[in-house]
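Heads up, the thing below is written out as structure tokens.
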Amino acid sequence: MKSVDGAVPAVRLQGVVKRYGARNVVDGVSLDIAQGEFFALLGANGAGKTTLISMLSGLARPSAGSVQVLGHEVAREPYLTRRLLGVVPQELVFDPFFTVREALRLQSGYFGLRRNDAWIDELLQRLGLAQQAEQNMRALSGGMKRRVMVAQALVHKPPVIVLDEPTAGVDVELRQSLWQFITDLNRQGHTVLLTTHYLEEAESLCSRIGMLKLGRLVALDATHALLARFASTQLLLRAGGQPLPPELARCARAVGARMAWTVRDAAEVERILGELRAAGCQIEELEVRRADLEDAFLQIMASPGTQP
């Protein structure tokens with residue numbers, strides 16, 4: 001099945017449900033991810049992100065609905081769809097009996113790739129693993145093992161790359177080298193599906209974002225459009241002296257030790273400050289900043305009626 005523009009989507013989810021007992025962990029998700037797109041799937045812990053990825057990679061079967069990779073149904077063509085995917089899971093999974101290079105050669109063999117050393121060497125270099133190539137996997141740090149997992153997912157040059165929390169608990173150097181490499185692959189036409197709790201990564205890397213809440217898709221739009229719809233300028237301050245005027249207090253929210261207001265323009269900032277001064281409040285700390293994806297995410301998650 002083709003999308004509106006005529007191209008087969010890299011990933012297509014149609015009415016996908018995953019049920020455990022009486023609970024729908026994924027509840028009727030429908031979503032197309034275009035070929036060559038850098039897409040973020042966001043949500044709180046337990047929202048259903050990893051369950052969706054498990055169904056996409058064939059590790060779990062949907063209770064209802066359809067999961068496709070480049071037009072192929074995962075349930076009917078599991079071996080083909082696995083060749084089309086490179087998945088980096090959250091958990092550190094490794095074979096302790098092989099060196100890094102041996103692990104990548106073994107992974108290549110799973111996909112029938114006998115002469116893959118040139119690409120393996122490039123992966124080792126781009127992911128900062130060249131010096132560890134002949135080390136046993138057991139001797140690596142957690143961050144280095146994470147790099148090897150990324151290399152294993154990419155060893156067969158999959159057209160669709162799925163990254164499930166790939167930078168959780170890793171150092172800044174890996175983040176920078178990983179994103180540079182993944183961005184280069186995306187520019188070459190690889191589709192990237194990312195889940196992350198580092199929302200600044202999604203904001204800077206991804207052209208489109210979907211958000212899950214309790215197994216349902218509650219937001220789906222271009223990154224800039226989501227920011228325009230749900231995020232705005234924020235006024236944050238800490239005031240002493242007299243209590244906040246009741247009207248201002250009702251429309252504020254607590255952010256740590258500070259109070260925050262959503263404002264449209266400079267005139268609204270001046271109005272709030274004027275009302276605080278008139279009430280005898282002493283402004284001890286003040287910040288005006290542009291809202292980011294985290295602000296939009298919190299607003300969407302707090303809204304009971306948000307729809308994509």
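If you're wondering about the labels, chains in the structure tokens are A, B, ... by order shown, residues count from 1 in each chain, ligands from 1 in order shown.
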
Next item on the list: Write down as a list of chain:residue names the residues belonging to segment 31-176 of chain A that are assigned strand (DSSP E) by DSSP computed on the backbone.
Entry: A:Leu31, A:Asp32, A:Ile33, A:Phe38, A:Phe39, A:Ala40, A:Leu41, A:Leu42, A:Gly43, A:Ala64, A:Gly65, A:Ser66, A:Val67, A:Gln68, A:Val69, A:His72, A:Glu73, A:Leu85, A:Gly86, A:Val87, A:Val88, A:Val160, A:Ile161, A:Val162, A:Leu163, A:Asp164

Margin query: Could you list, as a PyMOL selection string, every residue within 10 Å of segment 30-36 of chain A, counting only C-alpha atoms and ignoring same-chain residues fewer than 6 positions away?
Written below: chain A and resi 3+5+7-17+65-70+159-160+185-193+208+210+216-217+220

Mind writing the picked residues with C-alpha atoms as an mmCIF file, in the first residue's frame?
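Final file, result37.cif:
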data_model
loop_
_atom_site.group_PDB
_atom_site.id
_atom_site.type_symbol
_atom_site.label_atom_id
_atom_site.label_comp_id
_atom_site.auth_asym_id
_atom_site.auth_seq_id
_atom_site.Cartn_x
_atom_site.Cartn_y
_atom_site.Cartn_z
ATOM 1 C CA SER A 3 1.148 6.672 0.908
ATOM 2 C CA ASP A 5 2.579 10.904 -2.328
ATOM 3 C CA ALA A 7 5.838 6.130 -2.122
ATOM 4 C CA VAL A 8 5.642 3.047 0.045
ATOM 5 C CA PRO A 9 6.104 4.137 3.695
ATOM 6 C CA ALA A 10 9.209 2.886 5.459
ATOM 7 C CA VAL A 11 6.989 1.966 8.419
ATOM 8 C CA ARG A 12 3.209 1.646 8.442
ATOM 9 C CA LEU A 13 1.143 0.928 11.561
ATOM 10 C CA GLN A 14 -2.586 0.459 11.040
ATOM 11 C CA GLY A 15 -4.866 0.114 14.056
ATOM 12 C CA VAL A 16 -2.162 -1.677 16.039
ATOM 13 C CA VAL A 17 -3.241 -3.117 19.390
ATOM 14 C CA GLY A 65 -3.888 -4.391 13.376
ATOM 15 C CA SER A 66 -1.105 -4.394 10.810
ATOM 16 C CA VAL A 67 2.641 -3.663 11.087
ATOM 17 C CA GLN A 68 4.560 -3.169 7.824
ATOM 18 C CA VAL A 69 8.143 -2.374 6.878
ATOM 19 C CA LEU A 70 8.599 -1.010 3.344
ATOM 20 C CA PRO A 159 17.279 0.915 5.094
ATOM 21 C CA VAL A 160 15.293 1.418 8.329
ATOM 22 C CA LEU A 185 23.135 7.787 7.100
ATOM 23 C CA ASN A 186 19.815 9.633 7.154
ATOM 24 C CA ARG A 187 21.098 12.062 4.506
ATOM 25 C CA GLN A 188 22.008 9.041 2.390
ATOM 26 C CA GLY A 189 18.363 7.911 2.505
ATOM 27 C CA HIS A 190 18.134 5.678 5.575
ATOM 28 C CA THR A 191 14.958 6.048 7.601
ATOM 29 C CA VAL A 192 15.508 6.587 11.336
ATOM 30 C CA LEU A 193 12.980 5.919 14.096
ATOM 31 C CA ARG A 208 8.515 14.894 12.732
ATOM 32 C CA GLY A 210 4.696 11.349 17.459
ATOM 33 C CA ARG A 216 -2.458 5.889 22.326
ATOM 34 C CA LEU A 217 -1.039 8.330 19.809
ATOM 35 C CA LEU A 220 1.669 13.678 15.521
#

Next item on the list: Within segment 17-216 of chain A, find each residue whose DSSP state, derived from the backbone, is helix (DSSP H, G or I), and express the selection as a ChimeraX atom specification.
Entry: /A:49-56,78-84,100-110,117-126,130-132,137-139,142-154,172-187,199-205

I need the residues from that last selection saved to file as a PDB file, in the first residue's frame (with C-alpha atoms), if you can.
ATOM      1  CA  LYS A  49       7.114   2.754  22.740  1.00  0.00           C
ATOM      2  CA  THR A  50       9.237  -0.352  23.289  1.00  0.00           C
ATOM      3  CA  THR A  51       6.216  -2.610  22.758  1.00  0.00           C
ATOM      4  CA  LEU A  52       5.653  -0.989  19.350  1.00  0.00           C
ATOM      5  CA  ILE A  53       9.311  -1.521  18.476  1.00  0.00           C
ATOM      6  CA  SER A  54       9.067  -5.156  19.569  1.00  0.00           C
ATOM      7  CA  MET A  55       6.133  -5.650  17.179  1.00  0.00           C
ATOM      8  CA  LEU A  56       7.967  -3.819  14.414  1.00  0.00           C
ATOM      9  CA  PRO A  78       9.427 -11.904   9.370  1.00  0.00           C
ATOM     10  CA  TYR A  79      12.754 -12.885   7.811  1.00  0.00           C
ATOM     11  CA  LEU A  80      12.531 -10.291   5.060  1.00  0.00           C
ATOM     12  CA  THR A  81      11.451  -7.480   7.366  1.00  0.00           C
ATOM     13  CA  ARG A  82      14.262  -8.247   9.805  1.00  0.00           C
ATOM     14  CA  ARG A  83      16.756  -7.749   6.963  1.00  0.00           C
ATOM     15  CA  LEU A  84      15.204  -4.346   6.312  1.00  0.00           C
ATOM     16  CA  VAL A 100      34.304  -6.773  18.957  1.00  0.00           C
ATOM     17  CA  ARG A 101      35.369  -7.580  15.400  1.00  0.00           C
ATOM     18  CA  GLU A 102      34.314 -11.211  15.735  1.00  0.00           C
ATOM     19  CA  ALA A 103      30.900 -10.134  17.033  1.00  0.00           C
ATOM     20  CA  LEU A 104      30.400  -7.891  14.014  1.00  0.00           C
ATOM     21  CA  ARG A 105      31.532 -10.606  11.596  1.00  0.00           C
ATOM     22  CA  LEU A 106      29.165 -13.050  13.258  1.00  0.00           C
ATOM     23  CA  GLN A 107      26.325 -10.544  12.947  1.00  0.00           C
ATOM     24  CA  SER A 108      27.185 -10.100   9.272  1.00  0.00           C
ATOM     25  CA  GLY A 109      26.908 -13.855   8.819  1.00  0.00           C
ATOM     26  CA  TYR A 110      23.327 -13.821  10.110  1.00  0.00           C
ATOM     27  CA  ASP A 117      35.165  -6.210   6.493  1.00  0.00           C
ATOM     28  CA  ALA A 118      35.376  -2.821   4.755  1.00  0.00           C
ATOM     29  CA  TRP A 119      32.034  -1.750   6.204  1.00  0.00           C
ATOM     30  CA  ILE A 120      32.919  -3.253   9.597  1.00  0.00           C
ATOM     31  CA  ASP A 121      36.143  -1.200   9.607  1.00  0.00           C
ATOM     32  CA  GLU A 122      34.139   1.941   8.834  1.00  0.00           C
ATOM     33  CA  LEU A 123      31.690   1.188  11.637  1.00  0.00           C
ATOM     34  CA  LEU A 124      34.552   0.648  14.074  1.00  0.00           C
ATOM     35  CA  GLN A 125      36.137   3.932  13.042  1.00  0.00           C
ATOM     36  CA  ARG A 126      32.965   6.052  12.992  1.00  0.00           C
ATOM     37  CA  ALA A 130      38.840   0.921  16.310  1.00  0.00           C
ATOM     38  CA  GLN A 131      41.160   0.572  19.328  1.00  0.00           C
ATOM     39  CA  GLN A 132      38.815  -1.964  20.950  1.00  0.00           C
ATOM     40  CA  MET A 137      33.289  -7.963  24.725  1.00  0.00           C
ATOM     41  CA  ARG A 138      33.483  -8.744  28.458  1.00  0.00           C
ATOM     42  CA  ALA A 139      36.351  -6.285  28.866  1.00  0.00           C
ATOM     43  CA  GLY A 142      29.005  -0.129  29.367  1.00  0.00           C
ATOM     44  CA  GLY A 143      29.383   2.788  26.960  1.00  0.00           C
ATOM     45  CA  MET A 144      31.627   0.782  24.653  1.00  0.00           C
ATOM     46  CA  LYS A 145      29.190  -2.132  24.688  1.00  0.00           C
ATOM     47  CA  ARG A 146      26.467   0.334  23.658  1.00  0.00           C
ATOM     48  CA  ARG A 147      28.628   1.383  20.700  1.00  0.00           C
ATOM     49  CA  VAL A 148      29.022  -2.251  19.654  1.00  0.00           C
ATOM     50  CA  MET A 149      25.247  -2.714  19.766  1.00  0.00           C
ATOM     51  CA  VAL A 150      24.831   0.241  17.423  1.00  0.00           C
ATOM     52  CA  ALA A 151      27.454  -1.245  15.088  1.00  0.00           C
ATOM     53  CA  GLN A 152      25.686  -4.627  15.138  1.00  0.00           C
ATOM     54  CA  ALA A 153      22.398  -2.978  14.191  1.00  0.00           C
ATOM     55  CA  LEU A 154      24.053  -1.235  11.237  1.00  0.00           C
ATOM     56  CA  VAL A 172      28.880  13.008  25.551  1.00  0.00           C
ATOM     57  CA  GLU A 173      31.533  11.803  23.096  1.00  0.00           C
ATOM     58  CA  LEU A 174      29.442   8.815  22.050  1.00  0.00           C
ATOM     59  CA  ARG A 175      26.345  10.956  21.679  1.00  0.00           C
ATOM     60  CA  GLN A 176      28.134  13.354  19.373  1.00  0.00           C
ATOM     61  CA  SER A 177      29.802  10.675  17.247  1.00  0.00           C
ATOM     62  CA  LEU A 178      26.639   8.564  17.114  1.00  0.00           C
ATOM     63  CA  TRP A 179      24.400  11.414  16.007  1.00  0.00           C
ATOM     64  CA  GLN A 180      26.892  12.586  13.410  1.00  0.00           C
ATOM     65  CA  PHE A 181      27.038   9.067  11.945  1.00  0.00           C
ATOM     66  CA  ILE A 182      23.261   8.515  12.075  1.00  0.00           C
ATOM     67  CA  THR A 183      22.633  11.936  10.537  1.00  0.00           C
ATOM     68  CA  ASP A 184      24.996  11.073   7.689  1.00  0.00           C
ATOM     69  CA  LEU A 185      23.135   7.787   7.100  1.00  0.00           C
ATOM     70  CA  ASN A 186      19.815   9.633   7.154  1.00  0.00           C
ATOM     71  CA  ARG A 187      21.098  12.062   4.506  1.00  0.00           C
ATOM     72  CA  LEU A 199      13.948  15.623  24.247  1.00  0.00           C
ATOM     73  CA  GLU A 200      16.602  18.087  23.073  1.00  0.00           C
ATOM     74  CA  GLU A 201      17.914  15.282  20.839  1.00  0.00           C
ATOM     75  CA  ALA A 202      14.501  14.772  19.260  1.00  0.00           C
ATOM     76  CA  GLU A 203      14.008  18.512  18.804  1.00  0.00           C
ATOM     77  CA  SER A 204      17.338  19.045  17.048  1.00  0.00           C
ATOM     78  CA  LEU A 205      17.433  15.837  14.968  1.00  0.00           C
TER      79      LEU A 205
END

Could you produce a table of the residues of segment 252-285 of chain A lying within 7 Å of segment 233-248 of chain A, with the nearest pair of atoms per residue and their separation in Å rounded to one decimal, using only C-alpha atoms, ordered by chain and increasing residue number, as a tab-separated table?
residue	atom	partner	partner_atom	distance
A:Ala252	CA	A:Leu248	CA	6.3
A:Ala257	CA	A:Arg238	CA	6.9
A:Arg258	CA	A:Arg238	CA	4.7
A:Met259	CA	A:Leu237	CA	5.6
A:Ala260	CA	A:Leu236	CA	4.4
A:Trp261	CA	A:Leu235	CA	5.2
A:Thr262	CA	A:Gln234	CA	4.8
A:Val263	CA	A:Thr233	CA	5.5
A:Arg264	CA	A:Thr233	CA	6.4
A:Leu276	CA	A:Leu244	CA	6.8
A:Ala279	CA	A:Pro245	CA	6.6
A:Gly280	CA	A:Gln242	CA	5.6
A:Cys281	CA	A:Gln242	CA	4.9
A:Gln282	CA	A:Gly240	CA	4.9
A:Ile283	CA	A:Ala239	CA	4.4
A:Glu284	CA	A:Ala239	CA	5.4
A:Glu285	CA	A:Arg238	CA	5.0

Check: Could you pull the residues within 12 Å of Arg23 of chain A, counting only C-alpha atoms, minus those fewer than 5 positions along the same chain, as JSON, numbers by chain?
Finding: {"A": [17, 18, 48, 63, 214, 215]}

Using N, CA and C atoms, can you write the selected residues to a file as a CSV table (one decimal), in the first residue's frame?
chain,number,residue,atom,x,y,z
A,17,VAL,N,-2.9,-2.9,18.0
A,17,VAL,CA,-3.2,-3.1,19.4
A,17,VAL,C,-2.4,-4.2,19.9
A,18,LYS,N,-1.8,-4.0,21.1
A,18,LYS,CA,-1.1,-5.1,21.8
A,18,LYS,C,-1.8,-5.2,23.2
A,48,GLY,N,4.2,2.6,25.8
A,48,GLY,CA,4.0,1.6,24.7
A,48,GLY,C,5.1,1.7,23.6
A,63,SER,N,-1.9,-7.9,18.9
A,63,SER,CA,-3.2,-8.5,19.1
A,63,SER,C,-4.2,-8.2,18.0
A,214,LEU,N,-0.2,6.3,27.4
A,214,LEU,CA,-1.0,5.1,27.7
A,214,LEU,C,-1.4,4.3,26.5
A,215,GLY,N,-0.5,4.1,25.6
A,215,GLY,CA,-0.7,3.3,24.5
A,215,GLY,C,-1.4,3.9,23.3

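When only C-alpha atoms are used to measure the gap to Val29 of chain A, the shortest distance among A:Val74, A:Ala278, A:Val93, A:Ala64 belongs to A:Ala64.
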